[in-house]
Number of protein chains: 2
Amino acid sequence: MSTTHPVLIGGQWQPSRGVETFVAVNPATGRSLPDRYPVSTSEELDQILEHAAAAAETVRKWPGERFATFLEAYANKIEAIADQLIETAHLETGLAVAPRLKDAELPRTTSQLRQAAAAARDGSWAQPTIDTATNIRSLLEPIGPVAVFGPNNFPFAYNGAAGGDFASAVAAGNPVIAKSHPSHPTTTRLFAEAAHAAATETGMPPGFFQMFYNCDTIDGVPFVKSPLLGAVGFTGSRNGGMALKNAADSVGKPIYLEMSSVNPVFLLPGAVAKHGAEIVDQFVGSCLMACGQFCTSPGLVFVVAGPETEDLIQKITERIAAAPVNVLLNEGVQRHLTLAVESLAGHGAKILTGGNIPEGPGIRFENTFLRTSSAGFLRHQALMQAEVFGNASLVVVADSADDLLKLARILGGNLTGSIYSATDGADDDLYLKLEDELRPKVGRLLNDKMPTGVAVVASMNHGGPFPSTGHPGFTAVGFPASIRRFARLACYDAVRPGRLPLSLQDKNPSGQQWRLINGQFTQGDAG
Amino acid sequence: MSTTHPVLIGGQWQPSRGVETFVAVNPATGRSLPDRYPVSTSEELDQILEHAAAAAETVRKWPGERFATFLEAYANKIEAIADQLIETAHLETGLAVAPRLKDAELPRTTSQLRQAAAAARDGSWAQPTIDTATNIRSLLEPIGPVAVFGPNNFPFAYNGAAGGDFASAVAAGNPVIAKSHPSHPTTTRLFAEAAHAAATETGMPPGFFQMFYNCDTIDGVPFVKSPLLGAVGFTGSRNGGMALKNAADSVGKPIYLEMSSVNPVFLLPGAVAKHGAEIVDQFVGSCLMACGQFCTSPGLVFVVAGPETEDLIQKITERIAAAPVNVLLNEGVQRHLTLAVESLAGHGAKILTGGNIPEGPGIRFENTFLRTSSAGFLRHQALMQAEVFGNASLVVVADSADDLLKLARILGGNLTGSIYSATDGADDDLYLKLEDELRPKVGRLLNDKMPTGVAVVASMNHGGPFPSTGHPGFTAVGFPASIRRFARLACYDAVRPGRLPLSLQDKNPSGQQWRLINGQFTQGDAG
């Protein structure tokens with residue numbers, strides 16, 4: 001029997017106090033992987049919080065440069081162990097080595113860390129604001145230790161120890177407590193080893209970065225509620241997210257969640273008639289990408305009844321049926337997917353292809369495409385628009401354009417919404433009416449484009465109205481906006497000059513930082 | 001018996017469906033005022049929500065100019081009825097006509113509306129962000145109808161129908177549903193009449209501004225949870241705020257609360273020794289201002305034991321005892337204040353002066369000053385730092401400087417925290433240690449200054465960690481920051497140019513709007 005890996009607490013790899021342990025499973029084989037990991041106890045989480053709070057006090061006034069240096073050193077270390085990370089994540093998640101892990105997710109992850117570093121160094125993210133007549137000054141300051149709960153589906157780019165929440169929490173100047181997703185603990189351990197080495201080399205205090213592998217849900221509640229914790233970042237299921245949200249909300253603790261999204265795609269009649277072939281390509285590619293296990297996977301497609309629509313549905317069905325069936329992340333995904341498809345079928349949706357667990361090795365589910373009518377969708381609207389995580393999508397056939405608008409009106413909050421319309425203007429009237437319904441309900445509105453693929457740029461919104469997230473004003477991706485989630489607004493009223501943070505002193509500390517001085521944006525000095 | 005006033009629904013003054021009614025009381029006499037107001041029913045609130053949602057759809061794409069025009073027309077109308085507003089508010093709240101209502105609060109209110117108008121016109125508040133290489137663009141857009149629950153203590157500047165939340169919600173482009181505080185319904189009616197007239201004259205749709213006077217708490221919950229409502233602004237008691245927060249949180253609805261704050265003031269030994277006389281003046285002035293009924297009233301004072309401290313406490317006590325006893329806002333305030341002072345005294349605090357309801361007319365409570373030791377404070381720390389709304393403050397005498405730091409460490413979140421220190425540097429070491437403890441717990445840190453008086457400037461933070469508010473990242477006062485509370489982040493990914501909001505098109509719509517284009521702040525065009 002293997003020994004249990006230690007956890008990273010207060011700058012030391014220490015044996016966990018937990019007696020419960022777990023192992024990850026290789027979804028391609030269904031067999032357990034050799035490394036054994038601990039489930040941390042409530043006492044252990046308390047200990048972690050104490051270290052994090054001490055670290056927060058130590059770094060509270062550090063300039064952005066210090067956090068930037070750490071983030072960049074960490075990005076370099078990740079690149080040095082890239083092969084090992086990719087191989088490990090492939091074993092733990094079944095995701096393809098290339099292009100997914102090697103060419104897309106790993107470079108994105110290091111790019112995120114470096115973009116966060118650049119934002120931390122620049123300091124404009126903190127929105128320093130100075131009014132000289134009243135001598136009142138304010139900026140965003142670090143909120144305190146941030147706990148990051150990473151999801152199963154992005155072992156790198158959303159990893160609690162390396163992903164976007166990690167990068168933005170650190171860029172804001174906060175210690176991070178990372179929780180591994182139990183599906184890929186060894187990947188997370190490799191990250192944590194690299195992060196710890198980078199933190200040590202760049203002089204971060206011992207509790208600045210800590211990591212544990214898992215905890216019982218019942219212990220997660222007091223952890224999240226602890227006054228020592230500043231904020232929480234969570235990416236995962238709606239049930240898990242809501243449990244943490246309820247705990248955090250009860251004590252006014254900021255929590256940023258990315259929970260569930262069906263990412264409706266509307267194919268307007270003109271687009272179906274004129275661009276059907278491209279749409280089939282793009283839709284099938286998008287919904288089977290990573291076996292449908294993206295937060296932005298198009299789970300719902302809305303079309304208007306007609307012969308061209310029937311042709312489109314048939315082509316999509318054929319293509320989905322013919323596509324290779326990839327492995328899912330873990331048995332939980334397979335189980336939920338099976339139940340969700342059964343439930344849709346049990347409520348009147350017709351399975352056009354797929355719907356079963358296939359024979360053969362590995363954790364899989366047949367690529368699945370379902371169909372329902374507008375009436376069927378409306379009858380069970382909550383169930384029909386619940387996220388089905390994995391390689392299944394539902395097409396809803398509206399009776400008419402007006403009917404399509406009615407369907408859009410009852411949609412809940414989503415990360416994305418896509419509208420395909422004819423390039424010749426044939427759908428323009430309908431587009432405008434549909435946009436009125438859809439725009440307020442989605443974080444990102446796309447034209448003639450599938451929702452998968454989240455560019456890490458300043459203008460990205462990887463967020464949206466509830467239940468896709470917990471607050472429609474924030475994005476989990478993109479700098480500097482994502483950094484501001486992990487900050488509190490700090491005002492200095494008549495505070496003596498020498499006691500002010502550098503960014504609020506009259507002189508612009510870098511000559512580069514953007515500040516709002518007496519109502520004007522400027523990179524200059526105050527007064 | 002007087003007839004019951006109508007409510008403003010869908011652009012019409014309509015008789016309320018509610019059968020329950022109420023009247024306000026003149027706190028200076030304790031007698032009822034003549035006007036009778038309705039308590040709206042749940043059905044009425046539903047009707048209001050429907051109108052607000054329709055208005056939100058109508059104005060969704062309107063340029064900031066439209067909202068600015070309305071806000072400015074409204075500010076003008078308020079000035080035209082200023083005398084009537086002041087006289088009415090004085091009758092309903094007991095607050096002084098001058099300087100309070102006439103010279104401070106009314107000008108502040110119209111200034112807020114005009115500052116909000118300027119921000120709406122400028123449009124930079126929405127943080128338009130453009131990345132041309134990926135053709136992704138985003139900005140903050142109106143969140144949908146905003147319900148504003150105004151407090152008892154600022155009949156103008158925080159009124160649901162005229163105050164800061166109203167102004168910022170409108171500047172973001174949202175319809176407002178104002179709930180009057182039941183202590184000053186006629187003041188609110190006058191505002192609502194002016195707002196309605198301004199809305200009509202400037203072409204706002206019928207449901208853009210609506211107002212009701214009161215509802216039962218049980219009906220407030222579904223109102224706040226309604227999917228037709230975009231967000232909530234609340235200023236008031238912790239109990240009332242938490243009831244609405246729980247409802248809003250359960251459906252991921254943004255709610256911005258300002259609930260309770262004791263605004264700790266730390267008087268360091270050097271300051272007490274050298275600046276004692278000024279401190280006595282400033283403290284007594286601040287804690288009795290508006291009879292202690294400010295959100296930023298200094299309810300807690302921390303000092304270190306010593307002869308000069310004893311002298312200071314004695315002088316403050318004498319001054320507080322000698323000051324005139326003003327009327328409180330209403331009987332609820334008097335009742336809570338009586339209970340809170342009794343509770344403090346019952347838990348070991350010593351009443352140095354006051355503590356009783358005085359003889360004579362009007363709703364009053366004696367100006368009250370209490371004292372406790374560090375040990376006494378620590379023993380009942382939750383109770384000792386609960387807000388005591390009204391003219392009572394508690395001084396806590398620490399045994400030593402280290403003991404003072406220990407007290408700071410156990411404080412909860414507050415709107416403000418003040419530190420007085422000697423100007424000769426004698427307190428500088430202690431200041432630094434104290435700032436470490438206090439800074440993360442308060443929204444606004446002051447030096448050598450009492451917390452009352454909230455300047456409406458961009459750098460103001462009228463906010464702070466829980467329980468002073470529900471989220472430490474936002475301010476209720478100051479433009480443009482307060483506007484961003486009532487917005488959602490909206491991203492446009494490959495959306496065709498003609499379909500983009502003006503602020504996201506290549507050309508800068510005004511040549512003035514600040515936008516983040518390809519990582520650079522600019523007032524120029526994109527591409």
# chains A, B, ... in the order shown; residues from 1 in each chain; ligands from 1
>>> residues_around(residues="stretch 55-66 of chain A", least_positions_apart="2", cutoff="9 Å", atoms="only C-alpha atoms", output="PyMOL selection string")
(chain A and resi 10+50-53+68-71+117-123+141-145+171-175+202-209+501-502) or (chain B and resi 436-437)
>>> closest_atom_pairs(of="chain A", to="chain B", cutoff="8 Å", atoms="only C-alpha atoms", output="CSV")
residue,atom,partner,partner_atom,distance
A:Glu57,CA,B:Asp436,CA,7.2
A:Thr129,CA,B:Ser459,CA,5.1
A:Ile130,CA,B:Ser459,CA,5.7
A:Asp131,CA,B:Ser459,CA,6.3
A:Thr134,CA,B:Ala455,CA,7.7
A:Ile136,CA,B:Ser459,CA,5.9
A:Arg137,CA,B:Ser459,CA,5.1
A:Ser138,CA,B:Ser459,CA,5.2
A:Leu139,CA,B:Ser459,CA,8.0
A:Leu140,CA,B:Gly473,CA,7.7
A:Ile143,CA,B:Pro440,CA,7.6
A:Asn246,CA,B:Ser250,CA,7.5
A:Asp249,CA,B:Asp249,CA,6.8
A:Ser250,CA,B:Asn246,CA,7.5
A:Val251,CA,B:Phe466,CA,7.0
A:Gly252,CA,B:Gly470,CA,5.0
A:Lys253,CA,B:His471,CA,7.0
A:Pro254,CA,B:His471,CA,6.3
A:Asp436,CA,B:Glu57,CA,7.3
A:Arg439,CA,B:Ala490,CA,7.8
A:Pro440,CA,B:Ile143,CA,7.6
A:Val442,CA,B:Ala490,CA,7.6
A:Gly443,CA,B:Ala490,CA,5.3
A:Arg444,CA,B:Cys491,CA,4.4
A:Leu445,CA,B:Tyr492,CA,5.1
A:Leu446,CA,B:Asp493,CA,4.7
A:Asn447,CA,B:Val495,CA,4.8
A:Asp448,CA,B:Ala494,CA,7.7
A:Lys449,CA,B:Ala494,CA,7.5
A:Ala455,CA,B:Thr134,CA,7.7
A:Val457,CA,B:Asp131,CA,7.0
A:Ala458,CA,B:Thr129,CA,6.8
A:Ser459,CA,B:Arg137,CA,5.1
A:Met460,CA,B:Cys491,CA,6.4
A:Asn461,CA,B:Cys491,CA,5.5
A:Gly463,CA,B:Leu489,CA,7.8
A:Gly464,CA,B:Leu489,CA,7.4
A:Pro465,CA,B:Gly252,CA,7.8
A:Phe466,CA,B:Gly252,CA,5.3
A:Pro467,CA,B:Gly252,CA,6.9
A:Thr469,CA,B:Gly252,CA,7.8
A:Gly470,CA,B:Gly252,CA,5.0
A:His471,CA,B:Gly252,CA,6.2
A:Pro472,CA,B:Arg488,CA,5.0
A:Gly473,CA,B:Arg488,CA,4.3
A:Phe474,CA,B:Leu489,CA,6.5
A:Thr475,CA,B:Leu489,CA,7.7
A:Arg485,CA,B:Gly473,CA,7.9
A:Ala487,CA,B:Gly473,CA,6.4
A:Arg488,CA,B:Gly473,CA,4.3
A:Leu489,CA,B:Gly473,CA,4.9
A:Ala490,CA,B:Gly443,CA,5.3
A:Cys491,CA,B:Arg444,CA,4.4
A:Tyr492,CA,B:Leu445,CA,5.1
A:Asp493,CA,B:Leu446,CA,4.7
A:Ala494,CA,B:Asn447,CA,5.6
A:Val495,CA,B:Asn447,CA,4.8
A:Arg496,CA,B:Asn447,CA,6.9
A:Asn518,CA,B:Ala458,CA,7.9
A:Gly519,CA,B:Ala458,CA,7.0
>>> residues_around(residues="B:Leu370", least_positions_apart="6", cutoff="7 Å", atoms="only C-alpha atoms", output="ChimeraX atom specification")
/B:349-352,393-395
>>> residues_around(residues="B:Arg36", least_positions_apart="6", cutoff="6 Å", atoms="only C-alpha atoms", output="ChimeraX atom specification")
/B:4,22-23
>>> write_last_selection(atoms="C-alpha atoms", output="mmCIF file, in the first residue's frame")
data_model
loop_
_atom_site.group_PDB
_atom_site.id
_atom_site.type_symbol
_atom_site.label_atom_id
_atom_site.label_comp_id
_atom_site.auth_asym_id
_atom_site.auth_seq_id
_atom_site.Cartn_x
_atom_site.Cartn_y
_atom_site.Cartn_z
ATOM 1 C CA THR B 4 -55.339 57.456 1.916
ATOM 2 C CA PHE B 22 -50.314 54.173 8.513
ATOM 3 C CA VAL B 23 -49.492 57.753 9.462
#
>>> closest_residue(among="A:Leu268, A:Ala322, A:Ile483, A:Ala526", to="A:Leu430", atoms="only C-alpha atoms")
A:Leu268
>>> closest_residue(among="A:Ala157, A:Ala147, A:Leu407, A:Ile81", to="A:Phe234", atoms="only C-alpha atoms")
A:Ala147
>>> atom_distance(atom1="atom CA of B:Gly498", atom2="atom CA of B:Phe67")
22.9 Å
